[in-house]
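A.B. asks: I'd like to ask you about the structure that follows.
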Amino acid sequence: MIMMPLGPEFIRELNINTHEFGLLLSSYTFAAAIAGVFATYFVDRFERRVLLLSLYACFIIATLVCGLAPDYHSLFIARALAGAFGGILGSLVQTIVADSIPFERRGNALGTVMSAFSVSTVAGVPLSLLLAHNIPALGWRAPFIFIALVSSLILYLGYRNIPKIAGHLGHTHKGSRLNQIWIIFTAHQHLRAFIFMGLIMLTGFSVIPYIALYLTSNVGIDNSYISLIYLCGGLATLMSSKLIGHMADRYGKVKIFRLLAIASLIPLLVTTNLIPVPLWLVLINSTAFFILISGRMIPAMAIVSQVVDAKSRGTFMSLVGSIQMLASGLASVIAGMVVTITADGRMEHYNLVGFGAAACGLLTFWLVRYIHTDKQVA
């Protein structure tokens, strides 16, 4: 959310083209996916607090280097390093929640944690533009330096307040580490969870990257209103995340997920088949889209986190994080191969992307029933 609105500045200041900018964006995602696999070798062998703070410190340094990068190639490398550390951090945070919060209250806890994504949606675009345009001496570097400074404060607060979490260290792991990872990866229940999470990411991220372009080119929405669309969606999601988490705990995570999975198909199909309509209709649909698409992740992560034993949860969640990153990148690539831009600037075949995403959504509705423990069904 910080980098996307600054595309023109990166292209102009670094003298790169749109393809190179796309690679710059994807460097974070794919590095995070690779790092998640690498993290399986060590994530369950360290105390959670020490590992979290150490990785966060590395993330801060990599982000600061992004702001100081002299050219495109050094920025690319620094951004990939930030993605590597950030990707492991994302999985580790969810692991800590699963380790610390009982399953009966985990939906509410994950709803609170995942509201951070809503904050990034609300603040990321306007904050990025504000910093870059009002600190001309730094330009596109300003958001990175700002994040590094704020993250340093958060690191200190984490050091003071996060308790030691070492319950997983009391378990004995038999055999070689590679064999342990292979057993975790190939377990039937785990494979279902990986496929399930991959389908969830395919459903959302085949559609999301092209929403702004479709609205401006096909629906006739002025580009100046795109930030408003993200702002409304982010604020609404921020308010709905805890409610969805509470509902998942109260009424059952599988039941709430299936409800959200079906309901999300309505704004998804409307988004990919939208014709020129007034802005207020676009805002209603896009806000519903963001609430429901992101809301599915709360019960889904609660369900998936309970599939594995605590002793291997860090390894398992790192693999889940890698699957999520790879699936989101693959979704964007596949959708990019389907949609085309006509000579007059209109986007075609976005509706086909929507139908494919809806099919993936229906598969998650069916598959979630097979990803549970006895406690989850009850």
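Following the order of the structure tokens, chains are lettered A, B, ..., residues in each are numbered from 1, and ligands are numbered from 1.
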Can you pull out every residue within 9 Å of Arg49 (chain A), counting only C-alpha atoms, but drop anything in the same chain fewer than 4 positions away, and send it as a list in words?

C.D. replies: Leu53, Ser54, Ile96, Gly158, Tyr159, Ile162, Pro163, Lys164, Ile165 and Ala166 of chain A

A.B. asks: For Ala31 (chain A), list every protein, DNA or RNA residue within 8 Å, evaluated using only C-alpha atoms, and leave out those in the same chain fewer than 6 positions away; present the list as an NGL selection string.

C.D. replies: :A and (80-81 or 83-84 or 87)

A.B. asks: Those residues with N, CA and C atoms, as a PDB file, in the first residue's frame please?

C.D. replies:
```pdb
ATOM      1  N   ALA A  80      13.515  -6.891  -1.444  1.00  0.00           N
ATOM      2  CA  ALA A  80      13.399  -8.343  -1.330  1.00  0.00           C
ATOM      3  C   ALA A  80      13.767  -8.798   0.082  1.00  0.00           C
ATOM      4  N   LEU A  81      14.812  -8.197   0.663  1.00  0.00           N
ATOM      5  CA  LEU A  81      15.194  -8.541   2.035  1.00  0.00           C
ATOM      6  C   LEU A  81      14.089  -8.156   3.022  1.00  0.00           C
ATOM      7  N   GLY A  83      10.968  -8.041   2.342  1.00  0.00           N
ATOM      8  CA  GLY A  83       9.918  -9.035   2.131  1.00  0.00           C
ATOM      9  C   GLY A  83      10.232 -10.353   2.806  1.00  0.00           C
ATOM     10  N   ALA A  84      11.499 -10.756   2.757  1.00  0.00           N
ATOM     11  CA  ALA A  84      11.904 -12.012   3.389  1.00  0.00           C
ATOM     12  C   ALA A  84      11.650 -11.968   4.892  1.00  0.00           C
ATOM     13  N   GLY A  87       7.788 -11.469   5.571  1.00  0.00           N
ATOM     14  CA  GLY A  87       6.993 -12.662   5.332  1.00  0.00           C
ATOM     15  C   GLY A  87       7.032 -13.628   6.506  1.00  0.00           C
TER      16      GLY A  87
END
```

A.B. asks: Give me the residues within 9 Å of Ala33 (chain A) as a PDB file with C-alpha atoms, in the first residue's frame, counting only C-alpha atoms and dropping any in the same chain fewer than 2 places off.

C.D. replies:
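Output contents, as saved in part-v4.pdb:
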```
ATOM      1  CA  TYR A  28       8.644  -8.412  -1.682  1.00  0.00           C
ATOM      2  CA  THR A  29       5.997 -11.093  -2.232  1.00  0.00           C
ATOM      3  CA  PHE A  30       8.184 -13.746  -3.797  1.00  0.00           C
ATOM      4  CA  ALA A  31      11.030 -13.173  -1.327  1.00  0.00           C
ATOM      5  CA  ALA A  35      11.799 -17.063   3.176  1.00  0.00           C
ATOM      6  CA  GLY A  36       8.737 -18.815   4.576  1.00  0.00           C
ATOM      7  CA  VAL A  37      10.046 -22.140   3.280  1.00  0.00           C
ATOM      8  CA  PHE A  38      13.525 -21.406   4.643  1.00  0.00           C
ATOM      9  CA  GLY A  83       9.918  -9.035   2.131  1.00  0.00           C
ATOM     10  CA  ALA A  84      11.904 -12.012   3.389  1.00  0.00           C
ATOM     11  CA  GLY A  87       6.993 -12.662   5.332  1.00  0.00           C
ATOM     12  CA  ILE A  88       8.363 -14.709   8.219  1.00  0.00           C
ATOM     13  CA  SER A 318       5.528 -20.636   7.765  1.00  0.00           C
ATOM     14  CA  LEU A 319       4.527 -23.060   5.014  1.00  0.00           C
ATOM     15  CA  GLY A 321       2.496 -18.116   4.669  1.00  0.00           C
ATOM     16  CA  SER A 322       4.586 -19.246   1.701  1.00  0.00           C
ATOM     17  CA  ILE A 323       1.534 -20.796   0.056  1.00  0.00           C
ATOM     18  CA  GLN A 324      -0.383 -17.549   0.556  1.00  0.00           C
ATOM     19  CA  MET A 325       2.385 -15.440  -0.998  1.00  0.00           C
ATOM     20  CA  LEU A 326       2.888 -17.790  -3.943  1.00  0.00           C
TER      21      LEU A 326
END
```

A.B. asks: Figure out the distance between CA of Arg79 (chain A) and CA of Leu24 (chain A), please, to one decimal in Å.

C.D. replies: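 These atoms are spaced 7.5 Å apart.
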
A.B. asks: DSSP says helix (DSSP H, G or I) for which residues of region 6-220 of chain A? Put them as a PyMOL selection string?

C.D. replies: chain A and resi 6-14+18-39+43-45+48-68+72-100+103-134+141-161+167-170+177-186+188-205+208-219

A.B. asks: Using only C-alpha atoms, find each residue in region 138-248 of chain A having at least one atom no more than 8 Å away from region 302-309 of chain A; report its shortest atom-to-atom pair and that distance in Å (one decimal), rows by chain then rising number, as CSV.

C.D. replies:
```
residue,atom,partner,partner_atom,distance
A:Gln189,CA,A:Val307,CA,7.2
A:His190,CA,A:Val307,CA,7.0
A:Ala193,CA,A:Val304,CA,6.2
```

A.B. asks: Using only C-alpha atoms, please write the residues we just selected to a file, as a compact mmCIF listing (two decimals), in the first residue's frame.

C.D. replies:
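Wrote out.txt, looks like this:
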```txt
# COMPACT_ATOMS: atom_id res chain seq x y z
CA GLN A 189 -4.84 -32.83 6.73
CA HIS A 190 -2.06 -30.29 6.16
CA ALA A 193 -5.17 -26.76 4.56
```

A.B. asks: Could you pull the residues within 6 Å of Ser206 (chain A), counting only C-alpha atoms, minus those fewer than 5 positions along the same chain, as number ranges by chain?

C.D. replies: A: 331-332, 335

A.B. asks: Just the number, please: distance in Å from CA of Met1 (chain A) to CA of Thr271 (chain A), one decimal.

C.D. replies: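 Between these atoms lies a distance of 20.3 Å.
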
A.B. asks: Report as a PyMOL selection string all protein, DNA and RNA residues lying within 12 Å of Gly356 (chain A), evaluated on only C-alpha atoms, omitting residues in the same chain fewer than 2 positions from it.

C.D. replies: chain A and resi 199+202-207+265+268-269+272+331+334-335+338+349-354+358-363

A.B. asks: Between A:Ile101, A:Ile291, A:Leu191, A:Leu279, which residue has the minimum interatomic distance to Ile244 (chain A), considering only C-alpha atoms?

C.D. replies: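 Among A:Ile101, A:Ile291, A:Leu191, A:Leu279, it is A:Ile291 that comes nearest to Ile244 (chain A).
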
A.B. asks: Using only C-alpha atoms, can you tell me which of A:Ser115, A:Ser294, A:Thr216, A:Thr95 comes closest to Met239 (chain A)?

C.D. replies: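 Checking each of A:Ser115, A:Ser294, A:Thr216, A:Thr95 against Met239 (chain A), counting only C-alpha atoms, the winner is A:Ser115.
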
A.B. asks: Pick out the closest residue to Asp99 (chain A) from this set: A:Ala343, A:Ala132, A:Ala300, A:Ala310. Count only C-alpha atoms.

C.D. replies: A:Ala310

A.B. asks: Which value, in Å to one decimal, gives the distance between CA of Ile2 (chain A) and CA of Asp71 (chain A)?

C.D. replies: 18.4 Å

A.B. asks: Which residues come within 9 Å of Ser312 (chain A), counting only C-alpha atoms, excluding same-chain residues fewer than 3 positions away, as an MDAnalysis selection string?

C.D. replies: chainID A and resid 44 168 181 184 308:309 315:317

A.B. asks: Selected residues, N, CA and C atoms, written as a PDB file, in the first residue's frame, please.

C.D. replies:
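Everything below was put into part_3.pdb:
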```pdb
ATOM      1  N   ASP A  44      10.654 -23.293  14.770  1.00  0.00           N
ATOM      2  CA  ASP A  44      10.188 -23.996  15.964  1.00  0.00           C
ATOM      3  C   ASP A  44      11.318 -24.343  16.922  1.00  0.00           C
ATOM      4  N   HIS A 168       6.506 -24.552  23.061  1.00  0.00           N
ATOM      5  CA  HIS A 168       6.785 -25.478  21.968  1.00  0.00           C
ATOM      6  C   HIS A 168       8.165 -26.106  22.069  1.00  0.00           C
ATOM      7  N   ILE A 181      10.144 -31.636   8.278  1.00  0.00           N
ATOM      8  CA  ILE A 181       9.414 -30.678   7.432  1.00  0.00           C
ATOM      9  C   ILE A 181       8.598 -31.423   6.380  1.00  0.00           C
ATOM     10  N   ILE A 184       5.491 -32.866   7.908  1.00  0.00           N
ATOM     11  CA  ILE A 184       4.502 -31.804   8.149  1.00  0.00           C
ATOM     12  C   ILE A 184       3.839 -31.387   6.841  1.00  0.00           C
ATOM     13  N   VAL A 308      -2.583 -28.259  13.283  1.00  0.00           N
ATOM     14  CA  VAL A 308      -1.280 -28.818  13.639  1.00  0.00           C
ATOM     15  C   VAL A 308      -1.050 -28.729  15.148  1.00  0.00           C
ATOM     16  N   ASP A 309      -0.205 -29.615  15.660  1.00  0.00           N
ATOM     17  CA  ASP A 309       0.174 -29.567  17.064  1.00  0.00           C
ATOM     18  C   ASP A 309       1.051 -28.359  17.341  1.00  0.00           C
ATOM     19  N   THR A 315       6.515 -24.120  12.059  1.00  0.00           N
ATOM     20  CA  THR A 315       6.879 -24.667  10.745  1.00  0.00           C
ATOM     21  C   THR A 315       5.675 -24.682   9.813  1.00  0.00           C
ATOM     22  N   PHE A 316       4.566 -25.178  10.342  1.00  0.00           N
ATOM     23  CA  PHE A 316       3.341 -25.276   9.538  1.00  0.00           C
ATOM     24  C   PHE A 316       2.860 -23.900   9.084  1.00  0.00           C
ATOM     25  N   MET A 317       2.825 -22.923   9.987  1.00  0.00           N
ATOM     26  CA  MET A 317       2.343 -21.595   9.632  1.00  0.00           C
ATOM     27  C   MET A 317       3.295 -20.887   8.670  1.00  0.00           C
TER      28      MET A 317
END
```
